[in-house]
Structure formats: C-alpha cells, structure tokens
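Novice: First, the structure itself, so that you have it in front of you.
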Amino acid sequence: MSEASVIHDIGYQRYDGPRLGRRAVLGAIYAHGLRAAFGFGRSAKSKIFPWLVFGITILVGVILAAVRAYAGVIPLNYVQYADAMSWLVILFVAVVAPELVSRDMRSGVLPLYFSRPLRAADYLGAKWVALVTAVWLLLGVPQFVMFLGAAFTTKTGMSGVWDELGDLLPAWGYTLIWAVVFASISLLIASLTGKRAFAAGGIVAVFLVTTPIFGVLMSLPSRTAQELAGLASPMMLISGVGTWLFKAGNTGLPVGRFGPVYAIEVVTLVAACLLLLLARYRKVASL
Amino acid sequence: MSGHPGRLATRPGATPGERGRSDGEPAPGPTPRPAKPERDLRDLRVFSGFHLIPCVTGVSRLVAVSLIATEALTKTYGGRVTALSDLTVDVEPGVIGLVGANGAGKSTFIKIMLGLLAPTSGQVRVFGIDPTVEPDKVRLRVGYMPEHDCLPPDVSAAEFVTHLGRISGLPRAAARERASEALRHVGLYEERYRQIGGYSTGMKQRVKLAQALVHDPDLLLLDEPTNGLDPAGRDAMLALIHRIGTEFGISVVVCSHLLGEVERICDSLIAIEGGRLLRAARISAMTEASDVLAVEVAEGVDELATALGKLDMKVSRDGRLLLVELTADDAYDRILQAVADLDLPLHRLDLRRHRVAELFTPREMADV
C-alpha cells in the first residue's frame with residue numbers, strides 16, 4: 001500500500017437528501033450517453049473522431065449555404081443533404097454505438113448498473129435515445145446552418161424565411177428517421193460484442209454488404225424490382241420513405257406505389273432491432 | 001478480530017503471554033468493537049422488519065428480526081447444476097461473513113438477494129422485502145461490489161462513482177459530493193481524478209467499494225472484496241469493512257473463501273458448501289464455551305490431569321499439553337494452585353480460543 005492510500009478517520013455521514021425517481025435516472029444515463037457520443041468526459045483521443053465527422057458535416061453545410069448565397073443555385077436540398085452524408089453517418093454510428101454499449105460490456109460495468117434500481121429496458125432506452133439524438137444533431141445542426149444561410153440571404157423577406165422553414169422542418173423529420181434507423185441497427189450489432197473494433201467493423205459491414213444487393217436489384221429490367229430494390233439496404237430504405245413522405249425532397253429513388261411498404265419495413269426493422277436488443281440485455285443483465 | 005480482548009484484560013491472573021496472543025493480529029487489523037448500545041439502536045432503525053419482542057424479563061426491546069431471511073431457497077441452472085439447495089437462514093444486521101469454497105453458491109445467493117436471478121424455489125426476503133417481486137426497493141438500499149473487474153479504464157474514479165451515484169437516484173450535486181466522500185472513506189484522495197486504467201489492484205478494489213457506498217445503502221453485499229490484494233492490502237480492506245459495519249452503521253455481507261479472513265471482522269457467519277448450508281450462527285455463539293486453557297508442565301502431566309480431574313475440571317490431553325475447559329472464572333487460580341500443590345515446573349498457561357475454523361475442520365478435511 002502506498003502512503004496515499006492510508007485510511008483516515010473523518011467520520012461517515014448518512015445521506016438524508018432526496019432520492020430521485022426513474023425519470024432522473026434515465027436522464028442521467030441519457031446525458032452520460034450523449035456526452036460520451038461526442039467524447040465529453042473522456043480522453044482527448046476519444047473526442048477526435050466524432051468531432052472530425054461533425055466538423056465535416058458542418059463544413060459541408062456551410063459550403064452549401066455559401067454556394068446558395070453567392071451563386072444562387074441549390075446543389076443539395078435539406079433532404080438530399082442527409083442522403084449525401086450517409087457514409088459519414090455510418091462511420092459515426094460505427095464508432096459511437098460501440099462507445100455507448102460495447103464499452104460497458106467490455107469493462108464489466110453492467111452488474112453495477114443492474115444492481116441498482118434500473119431495468120434493462122431503461123438502460124437501453126436511454127442509450128438508444130442518446131444515440132438517436134447524437135445522429136440527429138450530426139445532420140440536423142448542419143441543416144440548420146443551411147437554413148440560416150438561406151434565411152439571411154432570402155430576397156423575398158419574411159415569406160421566404162417561412163418557405164425555407166417549411167422545407168427545413170420536414171427535413172428534420174427525415175433526419176430523425178435516419179437517426180432512429182441507424183441508431184437501432186448499430187446498437188444491436190454493438191451489443192453483440194464487447195470488443196469495440198469488432199462492433200465497429202460489424203456495423204460498417206452490415207451497411208456495406210446491403211449496398212451491392214440494392215445495386216443488383218436496381219439493374220434488373222423489371223420496374224417493380226427496381227421500385228422494391230431500396231428495401232434491401234437500410235440507407236435506400238430511408239430514401240424510399242423520404243420519397244414517399246416528402247415529395248419535395250426529391251431523393252431520386254423511385255418507389256412507385258410501394259411507399260407504404262418502405263414505411264412498414266422501417267417500423268418493423270426498428271421494432272425488431274429494439275426487441276432483439278432487449279432480449280440480449282435480459283440475458284446480460286442477469287449475469 | 002481474534003475474540004474479545006475486553007474479556008481477556010479483565011480476567012484475573014492473566015499472564016503477559018496470554019495478552020500477547022491476542023495482540024498477535026497484524027497492527028492494521030480492526031480495533032476491538034466498543035460497547036455501543038445507543039448507536040446500535042439508532043443505526044438499526046433503518047431496517048424495516050422491526051418487531052417489539054417482549055423479553056422474558058418483561059422489558060420490551062427493539063430487535064431487528066432479520067436483515068436477510070431465506071427459506072428453502074434453491075437455485076438450479078438448467079435443472080442440472082445446483083447452485084443453492086434448500087438454504088434457510090435468518091440473518092441479523094451486522095457484519096456477516098458468507099463463507100464457502102469457490103462455486104459454493106455465494107455469488108448466486110448475492111444475485112438472488114439483488115433480484116438479478118430468480119430462485120428456482122423457496123423464499124427470500126431482504127429488509128423484509130421480496131427481491132424477486134420488488135427488486136428496485138431492495139436495490140435502492142443495497143450496495144453491491146462484484147467479484148470481477150467492473151471498472152472502465154478511461155474515466156476518472158471521481159466521475160465514475162458520481163455517475164453511479166446518479167444512477168442510484170442521487171441529484172447531481174449530491175452525487176458529486178457523496179462520490180468524493182465515499183472515495184475519501186476508502187482512502188482515495190488526489191488519485192480520484194486520474195483515470196482508473198492507471199490504478200493498482202488495491203486502488204481498483206477501493207473504487208469498487210466506493211461505488212457501492214456512494215448512495216448510502218443500508219446493506220453492502222461484497223463479493224470477495226480482498227481478491228487480488230497483498231496481505232497489507234487485505235488487512236486494510238478488512239479493517240475498512242469492519243469500520244463500515246460498526247461506525248458507519250451499515251450492515252455488510254462479506255463473501256470470501258477464506259474463513260480465517262472474515263471471522264476476524266464478522267458478527268455472524270454463514271458457511272455454505274455445494275449450495276447447502278453448513279452452519280449459520282453468530283460468531284460469539286460459535287466460539288462460546290470453546291475457550292480452553294492450555295497447560296504445559298515439564299513433568300508430571302498425568303498427576304496434574306488427575307488432580308484437575310478431581311477438581312471437577314474437564315481435562316483432555318493433546319501431546320504434552322493439557323487442555324482444560326474454562327468453565328469458571330477462578331479456573332486460572334485453581335489450576336495454578338493444583339500445579340503449586342504438586343510442585344510441578346509450569347511452562348505455560350495459555351488461553352486458547354478456538355478459531356471458528358476449527359468448527360469446520362473435519363468437513364474441510366473431507367473436502368480435500
């Protein structure tokens with residue numbers, strides 16, 4: 001024992017203060033998760049990647065806003081911007097999702113959580129919402145930057161700002177779909193392993209592997225096959241929902257009359273991921 | 001603690017050598033427990049399960065009936081592996097040792113008490129609450145220190161313990177304050193702002209203990225708290241646990257596979273083997289009537305034995321030693337008198353406290 005670890009007698013005080021309920025505990029895990037997603041409270045090293053990705057998405061947003069302000073053309077609208085950033089989102093969740101769940105598994109912290117008044121569903125719910133928020137911020141903040149650029153340079157006054165807002169709000173909704181789908185899939189994959197590198201590789205692999213399937217289906221001569229091709233890849237799935245829900249978004253993916261099918265698959269996919277996550281943590285929590 | 005030094009000191013005619021025995025414990029070991037009737041009552045009030053029990057004398061007194069009570073508790077995994085079998089115990093508040101070999105079912109018992117595992121059959125109550133039905137109520141009042149590594153390497157101890165305090169429902173400021181307090185109580189000061197990854201095993205064990213203390217529980221469940229510690233670290237950890245159990249007024253269940261280690265600090269002991277209850281009792285009950293005086297004389301052992309036998313003393317021989325059961329306070333004087341009468345050269349007159357381990361010796365031998 002080093003000298004510093006000598007036990008000193010300073011008296012113990014019992015705690016009579018308030019004990020907060022479930023909501024506060026969920027809030028604490030949520031805040032902790034959101035901070036962790038951007039590397040706050042962690043070493044400088046773990047801040048590099050999230051902020052690099054975030055920096056790039058904001059930079060792209062600033063450039064788009066600038067191009068629009070000076071050249072008057074719109075290279076990408078808000079919805080197309082989200083689609084264009086898809087690879088960055090994949091990289092982001094591949095790093096952040098393991099940071100949120102694999103890390104706890106790896107270090108064996110879970111028994112400490114689950115020996116407290118906390119259920120697996122609470123833990124997962126808070127982590128999931130934290131990741132959804134992180135991904136949404138990743139795209140939503142640059143979209144807001146684009147909106148600011150457009151709003152300050154609009155030539156039609158207040159009505160132009162309102163029009164622009166009318167474009168932004170649905171796009172934020174679209175971004176939320178992105179965030180929900182990506183958070184669900186990546187958390188599920190990350191929860192399967194305590195090794196962060198494996199988890200990150202697995203997440204990228206899932207999104208990568210599905211893209212060629214989409215490509216093959218798109219190249220089929222049948223129009224129906226092309227319209228259903230997006231179902232094979234999570235990214236295209238979201239685009240399909242975007243096409244159906246936000247006509248003005250112009251995602252460029254033909255879905256024909258299958259829009260609702262896309263929406264149903266999104267809902268099913270997210271629900272399945274969350275249920276599997278829960279099943280996984282039922283097992284982990286009782287360890 | 002090797003026994004009741006208070007009793008030793010008041011015994012007339014105790015030889016210096018005898019006192020020396022009781023001091024044989026390592027210096028950092030727990031100090032003798034002072035009489036603390038007032039404090040006891042105040043501390044015990046935190047436990048539910050109180051009943052007014054009329055004593056034989058007609059005076060009512062507060063008794064915490066049970067901290068942990070189980071009845072025919074059984075847990076089997078997959079119907080084949082039996083972790084706990086028909087375990088029935090009733091434990092009063094205090095420092096409780098849960099002793100058994102690896103795989104005896106200690107950890108399973110703890111997890112059932114936390115409501116992490118459901119028992120296959122039988123009943124369990126902690127503070128009178130059923131953890132299988134209301135795990136949150138139990139967990140609010142329990143601190144758990146797992147056996148295995150459970151610390152993330154890349155955060156500071158202060159931040160980690162604060163976070164877990166908040167998970168236990170403490171408001172942000174209170175969590176931060178109590179985290180520093182808890183870390184200070186376990187002996188971590190400036191180090192608490194360093195990342196846990198750089199800590200020694202001893203420091204990590206302290207952080208694990210601090211996180212169990214942060215929300216001021218009424219009961220601590222410590223699974224092998226001395227795992228991986230060097231002898232000095234073990235003593236410090238045991239002393240700390242003893243302090244928590246006595247001064248802090250928090251009941252503690254200490255799991256260990258080392259009987260000799262926990263018997264020093266425990267009020268009561270539960271020994272399990274292969275999931276079965278071997279013995280559960282208060283330490284005082286276990287060592288009661290087991291005090292023996294060892295008498296060694298250079299010659300005339302048989303004569304002395306006969307003489308003592310005539311004095312109605314229970315005498316047995318152990319090699320060159322005579323073991324005399326200590327039944328009356330004047331036993332010392334009478335033995336000395338007998339030795340003097342026979343004019344024998346006395347080498348040694350020792351109080352030999354039976355260690356709790358001896359109560360288990362036959363079984364432990366059988367186990368090997």
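By order in the structure tokens, chains are A, B, ...; within a chain, residues start at 1; ligands start at 1, following the order shown.
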Which residues are near segment 34-46 of chain A? Cut-off 9 Å, only C-alpha atoms, ignore same chain within fewer than 6 positions. Put them as a list in words.
Specialist: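 Neighbouring residues, sequence-local ones excluded: Val95, Val96, Ala97, Glu99, Leu100, Lys127, Val129, Ala130, Leu131, Thr133 and Ala134 of chain A; Asp154, Val155, Ser156 and Glu159 of chain B.
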Novice: If the cut-off is 8 Å, can you tell me the residues of chain B near chain A, counting only C-alpha atoms? I'd like them as a PyMOL selection string.
Specialist: chain B and resi 114+116-117+135-137+139-140+143-146+148-155+163-164+166-171+174+185-189+202-203+215-216+232-233+236+240+247-248
Novice: Take the selection from the previous step and output its residues with N, CA and C atoms, as a tab-separated table (two decimals), in the first residue's frame.
Specialist:
```tsv
chain	number	residue	atom	x	y	z
B	114	LEU	N	-30.22	-9.57	-4.81
B	114	LEU	CA	-30.34	-8.34	-5.59
B	114	LEU	C	-31.49	-8.40	-6.58
B	116	LEU	N	-31.38	-10.15	-9.24
B	116	LEU	CA	-30.84	-10.34	-10.58
B	116	LEU	C	-31.15	-11.74	-11.09
B	117	LEU	N	-31.25	-12.68	-10.17
B	117	LEU	CA	-31.62	-14.05	-10.51
B	117	LEU	C	-32.90	-14.40	-9.76
B	135	PRO	N	-37.59	-5.76	-6.83
B	135	PRO	CA	-36.13	-5.64	-6.80
B	135	PRO	C	-35.67	-4.19	-6.59
B	136	ASP	N	-36.42	-3.23	-7.15
B	136	ASP	CA	-35.98	-1.84	-7.05
B	136	ASP	C	-35.93	-1.36	-5.61
B	137	LYS	N	-36.92	-1.79	-4.83
B	137	LYS	CA	-36.96	-1.36	-3.43
B	137	LYS	C	-35.76	-1.89	-2.67
B	139	ARG	N	-32.87	-2.84	-4.11
B	139	ARG	CA	-31.63	-2.32	-4.68
B	139	ARG	C	-31.36	-0.88	-4.25
B	140	LEU	N	-32.41	-0.12	-3.98
B	140	LEU	CA	-32.22	1.25	-3.51
B	140	LEU	C	-31.41	1.26	-2.22
B	143	GLY	N	-25.86	-1.82	-1.56
B	143	GLY	CA	-24.71	-1.53	-2.39
B	143	GLY	C	-24.03	-2.84	-2.73
B	144	TYR	N	-23.66	-3.00	-3.98
B	144	TYR	CA	-23.10	-4.28	-4.43
B	144	TYR	C	-21.71	-4.07	-4.99
B	145	MET	N	-20.79	-4.86	-4.51
B	145	MET	CA	-19.43	-4.84	-5.04
B	145	MET	C	-19.16	-6.19	-5.68
B	146	PRO	N	-19.11	-6.25	-7.00
B	146	PRO	CA	-18.93	-7.55	-7.65
B	146	PRO	C	-17.52	-8.07	-7.46
B	148	HIS	N	-15.67	-9.50	-9.89
B	148	HIS	CA	-14.80	-9.32	-11.05
B	148	HIS	C	-14.56	-7.86	-11.35
B	149	ASP	N	-13.64	-7.63	-12.29
B	149	ASP	CA	-13.35	-6.28	-12.75
B	149	ASP	C	-14.63	-5.65	-13.27
B	150	CYS	N	-14.91	-4.44	-12.83
B	150	CYS	CA	-16.13	-3.80	-13.30
B	150	CYS	C	-15.90	-2.32	-13.48
B	151	LEU	N	-14.66	-1.93	-13.77
B	151	LEU	CA	-14.37	-0.51	-13.87
B	151	LEU	C	-13.88	-0.18	-15.28
B	152	PRO	N	-14.45	0.87	-15.88
B	152	PRO	CA	-13.95	1.28	-17.18
B	152	PRO	C	-12.60	1.96	-17.01
B	153	PRO	N	-11.64	1.66	-17.88
B	153	PRO	CA	-10.30	2.20	-17.67
B	153	PRO	C	-10.17	3.69	-18.01
B	154	ASP	N	-11.06	4.21	-18.85
B	154	ASP	CA	-10.78	5.53	-19.41
B	154	ASP	C	-11.59	6.67	-18.78
B	155	VAL	N	-12.06	6.47	-17.56
B	155	VAL	CA	-12.66	7.62	-16.86
B	155	VAL	C	-12.01	7.72	-15.48
B	163	HIS	N	-21.26	9.18	-11.43
B	163	HIS	CA	-22.25	8.69	-12.39
B	163	HIS	C	-23.10	7.58	-11.76
B	164	LEU	N	-22.45	6.65	-11.09
B	164	LEU	CA	-23.20	5.55	-10.48
B	164	LEU	C	-24.08	6.05	-9.34
B	166	ARG	N	-25.61	8.86	-9.43
B	166	ARG	CA	-26.80	9.39	-10.08
B	166	ARG	C	-27.71	8.26	-10.54
B	167	ILE	N	-27.12	7.15	-10.97
B	167	ILE	CA	-27.95	6.01	-11.37
B	167	ILE	C	-28.74	5.50	-10.16
B	168	SER	N	-28.17	5.69	-8.97
B	168	SER	CA	-28.88	5.27	-7.77
B	168	SER	C	-29.90	6.31	-7.35
B	169	GLY	N	-30.04	7.38	-8.09
B	169	GLY	CA	-31.09	8.34	-7.82
B	169	GLY	C	-30.66	9.57	-7.05
B	170	LEU	N	-29.36	9.76	-6.86
B	170	LEU	CA	-28.92	10.97	-6.17
B	170	LEU	C	-28.96	12.15	-7.15
B	171	PRO	N	-29.36	13.32	-6.67
B	171	PRO	CA	-29.27	14.51	-7.52
B	171	PRO	C	-27.81	14.79	-7.87
B	174	ALA	N	-25.46	16.25	-5.13
B	174	ALA	CA	-25.31	15.30	-4.03
B	174	ALA	C	-24.45	14.12	-4.47
B	185	HIS	N	-13.45	8.00	2.04
B	185	HIS	CA	-13.59	6.98	3.07
B	185	HIS	C	-12.81	5.72	2.73
B	186	VAL	N	-12.73	5.39	1.46
B	186	VAL	CA	-11.97	4.18	1.10
B	186	VAL	C	-10.50	4.50	0.93
B	187	GLY	N	-10.12	5.76	1.10
B	187	GLY	CA	-8.70	6.08	1.09
B	187	GLY	C	-8.14	6.55	-0.24
B	188	LEU	N	-9.00	7.09	-1.08
B	188	LEU	CA	-8.50	7.65	-2.35
B	188	LEU	C	-8.69	9.17	-2.30
B	189	TYR	N	-7.62	9.91	-2.50
B	189	TYR	CA	-7.71	11.35	-2.43
B	189	TYR	C	-7.48	11.97	-3.80
B	202	GLY	N	-5.21	-2.73	-5.69
B	202	GLY	CA	-5.75	-2.29	-4.41
B	202	GLY	C	-6.63	-1.06	-4.57
B	203	MET	N	-6.19	-0.13	-5.40
B	203	MET	CA	-6.98	1.08	-5.61
B	203	MET	C	-8.27	0.76	-6.33
B	215	HIS	N	-24.37	5.71	-2.56
B	215	HIS	CA	-25.76	6.10	-2.35
B	215	HIS	C	-26.22	5.81	-0.93
B	216	ASP	N	-25.29	5.65	0.00
B	216	ASP	CA	-25.59	5.41	1.41
B	216	ASP	C	-26.58	4.27	1.60
B	232	ALA	N	-1.02	-6.79	3.25
B	232	ALA	CA	-1.28	-5.48	3.86
B	232	ALA	C	-2.58	-4.90	3.31
B	233	GLY	N	-2.77	-5.07	2.02
B	233	GLY	CA	-4.00	-4.57	1.39
B	233	GLY	C	-5.22	-5.29	1.92
B	236	ALA	N	-6.00	-3.89	5.35
B	236	ALA	CA	-6.59	-2.56	5.25
B	236	ALA	C	-8.04	-2.67	4.79
B	240	LEU	N	-11.35	-1.67	6.91
B	240	LEU	CA	-12.31	-0.72	6.36
B	240	LEU	C	-13.73	-1.30	6.40
B	247	GLU	N	-18.89	1.57	12.60
B	247	GLU	CA	-19.01	3.02	12.75
B	247	GLU	C	-20.03	3.63	11.79
B	248	PHE	N	-20.08	3.11	10.58
B	248	PHE	CA	-20.98	3.72	9.59
B	248	PHE	C	-22.42	3.26	9.81
```
Novice: Just want the 7 Å neighbourhood of segment 234-240 of chain A, counted on only C-alpha atoms, with same-chain residues fewer than 2 positions away dropped. Output as a PDB file with N, CA and C atoms, in the first residue's frame.
Specialist:
```pdb
ATOM      1  N   TRP A 178     -33.593   8.843 -40.234  1.00  0.00           N
ATOM      2  CA  TRP A 178     -32.207   8.389 -40.369  1.00  0.00           C
ATOM      3  C   TRP A 178     -31.646   7.987 -39.007  1.00  0.00           C
ATOM      4  N   PHE A 207     -23.942  -2.298 -43.221  1.00  0.00           N
ATOM      5  CA  PHE A 207     -24.400  -1.268 -44.145  1.00  0.00           C
ATOM      6  C   PHE A 207     -23.746  -1.428 -45.520  1.00  0.00           C
ATOM      7  N   GLY A 230     -34.896  -0.733 -53.003  1.00  0.00           N
ATOM      8  CA  GLY A 230     -34.472   0.040 -51.825  1.00  0.00           C
ATOM      9  C   GLY A 230     -34.702  -0.686 -50.523  1.00  0.00           C
ATOM     10  N   LEU A 231     -35.616  -1.661 -50.533  1.00  0.00           N
ATOM     11  CA  LEU A 231     -35.904  -2.380 -49.292  1.00  0.00           C
ATOM     12  C   LEU A 231     -34.697  -3.182 -48.799  1.00  0.00           C
ATOM     13  N   ALA A 232     -33.766  -3.455 -49.739  1.00  0.00           N
ATOM     14  CA  ALA A 232     -32.653  -4.338 -49.394  1.00  0.00           C
ATOM     15  C   ALA A 232     -31.565  -3.625 -48.598  1.00  0.00           C
ATOM     16  N   GLY A 242     -38.423   8.623 -47.574  1.00  0.00           N
ATOM     17  CA  GLY A 242     -38.332  10.056 -47.863  1.00  0.00           C
ATOM     18  C   GLY A 242     -39.084  10.403 -49.135  1.00  0.00           C
ATOM     19  N   THR A 243     -38.911   9.564 -50.164  1.00  0.00           N
ATOM     20  CA  THR A 243     -39.597   9.814 -51.422  1.00  0.00           C
ATOM     21  C   THR A 243     -41.111   9.808 -51.229  1.00  0.00           C
ATOM     22  N   TRP A 244     -41.533   8.869 -50.405  1.00  0.00           N
ATOM     23  CA  TRP A 244     -42.971   8.717 -50.202  1.00  0.00           C
ATOM     24  C   TRP A 244     -43.547   9.858 -49.357  1.00  0.00           C
ATOM     25  N   THR A 251     -35.558  12.620 -53.461  1.00  0.00           N
ATOM     26  CA  THR A 251     -34.408  11.785 -53.136  1.00  0.00           C
ATOM     27  C   THR A 251     -33.895  11.013 -54.349  1.00  0.00           C
ATOM     28  N   LEU A 253     -35.026   8.244 -55.593  1.00  0.00           N
ATOM     29  CA  LEU A 253     -35.247   6.802 -55.610  1.00  0.00           C
ATOM     30  C   LEU A 253     -36.694   6.543 -56.013  1.00  0.00           C
ATOM     31  N   VAL A 255     -40.003   4.751 -55.954  1.00  0.00           N
ATOM     32  CA  VAL A 255     -40.655   3.743 -55.129  1.00  0.00           C
ATOM     33  C   VAL A 255     -42.041   3.409 -55.658  1.00  0.00           C
ATOM     34  N   GLY A 259     -44.487   3.036 -51.505  1.00  0.00           N
ATOM     35  CA  GLY A 259     -44.086   3.890 -50.384  1.00  0.00           C
ATOM     36  C   GLY A 259     -44.448   3.319 -49.022  1.00  0.00           C
ATOM     37  N   TYR A 262     -42.250   0.622 -47.766  1.00  0.00           N
ATOM     38  CA  TYR A 262     -40.993   1.127 -47.198  1.00  0.00           C
ATOM     39  C   TYR A 262     -41.205   1.560 -45.744  1.00  0.00           C
TER      40      TYR A 262
END
```
Novice: Would you mind listing what lies within 8 Å of Arg279 of chain B as a list in words, with only C-alpha atoms counted and same-chain residues fewer than 2 positions away left out?
Specialist: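 The neighbour list is Leu269, Ile270, Ala271, Ile272, Leu277 and Ala281 of chain B.
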Novice: Need the shell around segment 308-314 of chain B: protein/DNA/RNA residues with any atom at most 8 Å away, counting only C-alpha atoms. Skip same-chain ones fewer than 6 positions apart. Format as a PyMOL selection string?
Specialist: chain B and resi 324-325+335+338
Novice: Can you tell me, as a short mmCIF file (atom, residue, chain, number, x, y, z; two decimals) with N, CA and C atoms, in the first residue's frame, what residues are no more than 10 Å from Gly274 of chain B when counting only C-alpha atoms, ignoring any on the same chain fewer than 2 positions away?
Specialist:
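As written to disk, result.cif reads:
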```cif
data_model
loop_
_atom_site.label_atom_id
_atom_site.label_comp_id
_atom_site.auth_asym_id
_atom_site.auth_seq_id
_atom_site.Cartn_x
_atom_site.Cartn_y
_atom_site.Cartn_z
N THR B 82 -26.77 -27.45 -9.55
CA THR B 82 -27.42 -26.89 -8.37
C THR B 82 -26.48 -25.90 -7.72
N ALA B 83 -26.89 -24.63 -7.70
CA ALA B 83 -26.04 -23.61 -7.10
C ALA B 83 -26.41 -23.41 -5.63
N LEU B 84 -27.69 -23.46 -5.34
CA LEU B 84 -28.14 -23.33 -3.96
C LEU B 84 -29.17 -24.41 -3.71
N SER B 85 -29.10 -25.03 -2.56
CA SER B 85 -30.02 -26.10 -2.31
C SER B 85 -30.59 -25.98 -0.91
N GLY B 100 -17.48 -19.95 1.89
CA GLY B 100 -17.63 -21.20 1.16
C GLY B 100 -16.56 -21.26 0.09
N ALA B 101 -16.28 -22.45 -0.38
CA ALA B 101 -15.27 -22.60 -1.42
C ALA B 101 -15.78 -21.96 -2.71
N ASN B 102 -14.88 -21.81 -3.66
CA ASN B 102 -15.31 -21.29 -4.96
C ASN B 102 -16.37 -22.22 -5.52
N GLY B 103 -17.44 -21.63 -6.02
CA GLY B 103 -18.50 -22.45 -6.58
C GLY B 103 -19.46 -22.98 -5.56
N ALA B 104 -19.36 -22.50 -4.31
CA ALA B 104 -20.27 -23.00 -3.27
C ALA B 104 -21.66 -22.39 -3.39
N GLY B 105 -21.77 -21.32 -4.17
CA GLY B 105 -23.07 -20.70 -4.35
C GLY B 105 -23.19 -19.32 -3.73
N LYS B 106 -22.05 -18.75 -3.31
CA LYS B 106 -22.08 -17.44 -2.67
C LYS B 106 -22.58 -16.36 -3.63
N ILE B 272 -21.48 -21.99 3.59
CA ILE B 272 -22.19 -22.86 2.67
C ILE B 272 -21.19 -23.69 1.88
N ARG B 276 -25.30 -25.92 -0.07
CA ARG B 276 -26.02 -26.27 1.15
C ARG B 276 -25.49 -25.48 2.33
N LEU B 277 -26.37 -25.22 3.27
CA LEU B 277 -25.96 -24.50 4.47
C LEU B 277 -25.17 -25.45 5.36
N LEU B 278 -23.95 -25.01 5.68
CA LEU B 278 -23.13 -25.81 6.57
C LEU B 278 -23.42 -25.40 8.01
#
```
Novice: Could you please determine the separation between atom CA of Val253 of chain B and atom CA of Val142 of chain B in Å, to one decimal place?
Specialist: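 A separation of 10.5 Å between them.
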Novice: So that I can see what lies close to Cys273 of chain A, please list as a ChimeraX atom specification the residues with an atom at most 7 Å from it, counting only C-alpha atoms and leaving out residues fewer than 6 positions away in the same chain.
Specialist: /A:184-185,188
Novice: Using atom CA of Thr57 of chain A and atom CA of Ala190 of chain A as the two end points, give the distance in Å to one decimal.
Specialist: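 Computing the Euclidean distance for atom CA of Thr57 of chain A and atom CA of Ala190 of chain A yields 23.7 Å.
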Novice: Using only C-alpha atoms, which of the listed residues (B:Arg125, B:Lys75, B:Lys204, B:Arg264) sits closest to Ser107 of chain B?
Specialist: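 Counting only C-alpha atoms, the residue closest to Ser107 of chain B is B:Lys75.
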Novice: Atom CA of Leu274 of chain A to atom CA of Ala200 of chain A: how many Å, to one decimal?
Specialist: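 Here the two named atoms are 18.6 Å from each other.
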Novice: Which of these, A:Met85, A:Ala121, A:Gly149, A:Gly202, has the shortest distance to Tyr70 of chain A once you count only C-alpha atoms?
Specialist: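 Answer, going by the shortest atom-to-atom distance: A:Gly149.
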Novice: Tell me, which residues of segment 232-274 of chain A carry DSSP helix (DSSP H, G or I), written as a VMD selection string?
Specialist: chain A and resid 232 234 to 245 247 to 249 259 to 274
Novice: If DSSP is run on the backbone, what residues of segment 92-337 of chain B are strand (DSSP E or B)? A reply as a PyMOL selection string would be ideal.
Specialist: chain B and resi 95-99+121-126+129+142-145+156+195+219-223+251-256+268-273+276-282+292-297+315-318+321-325
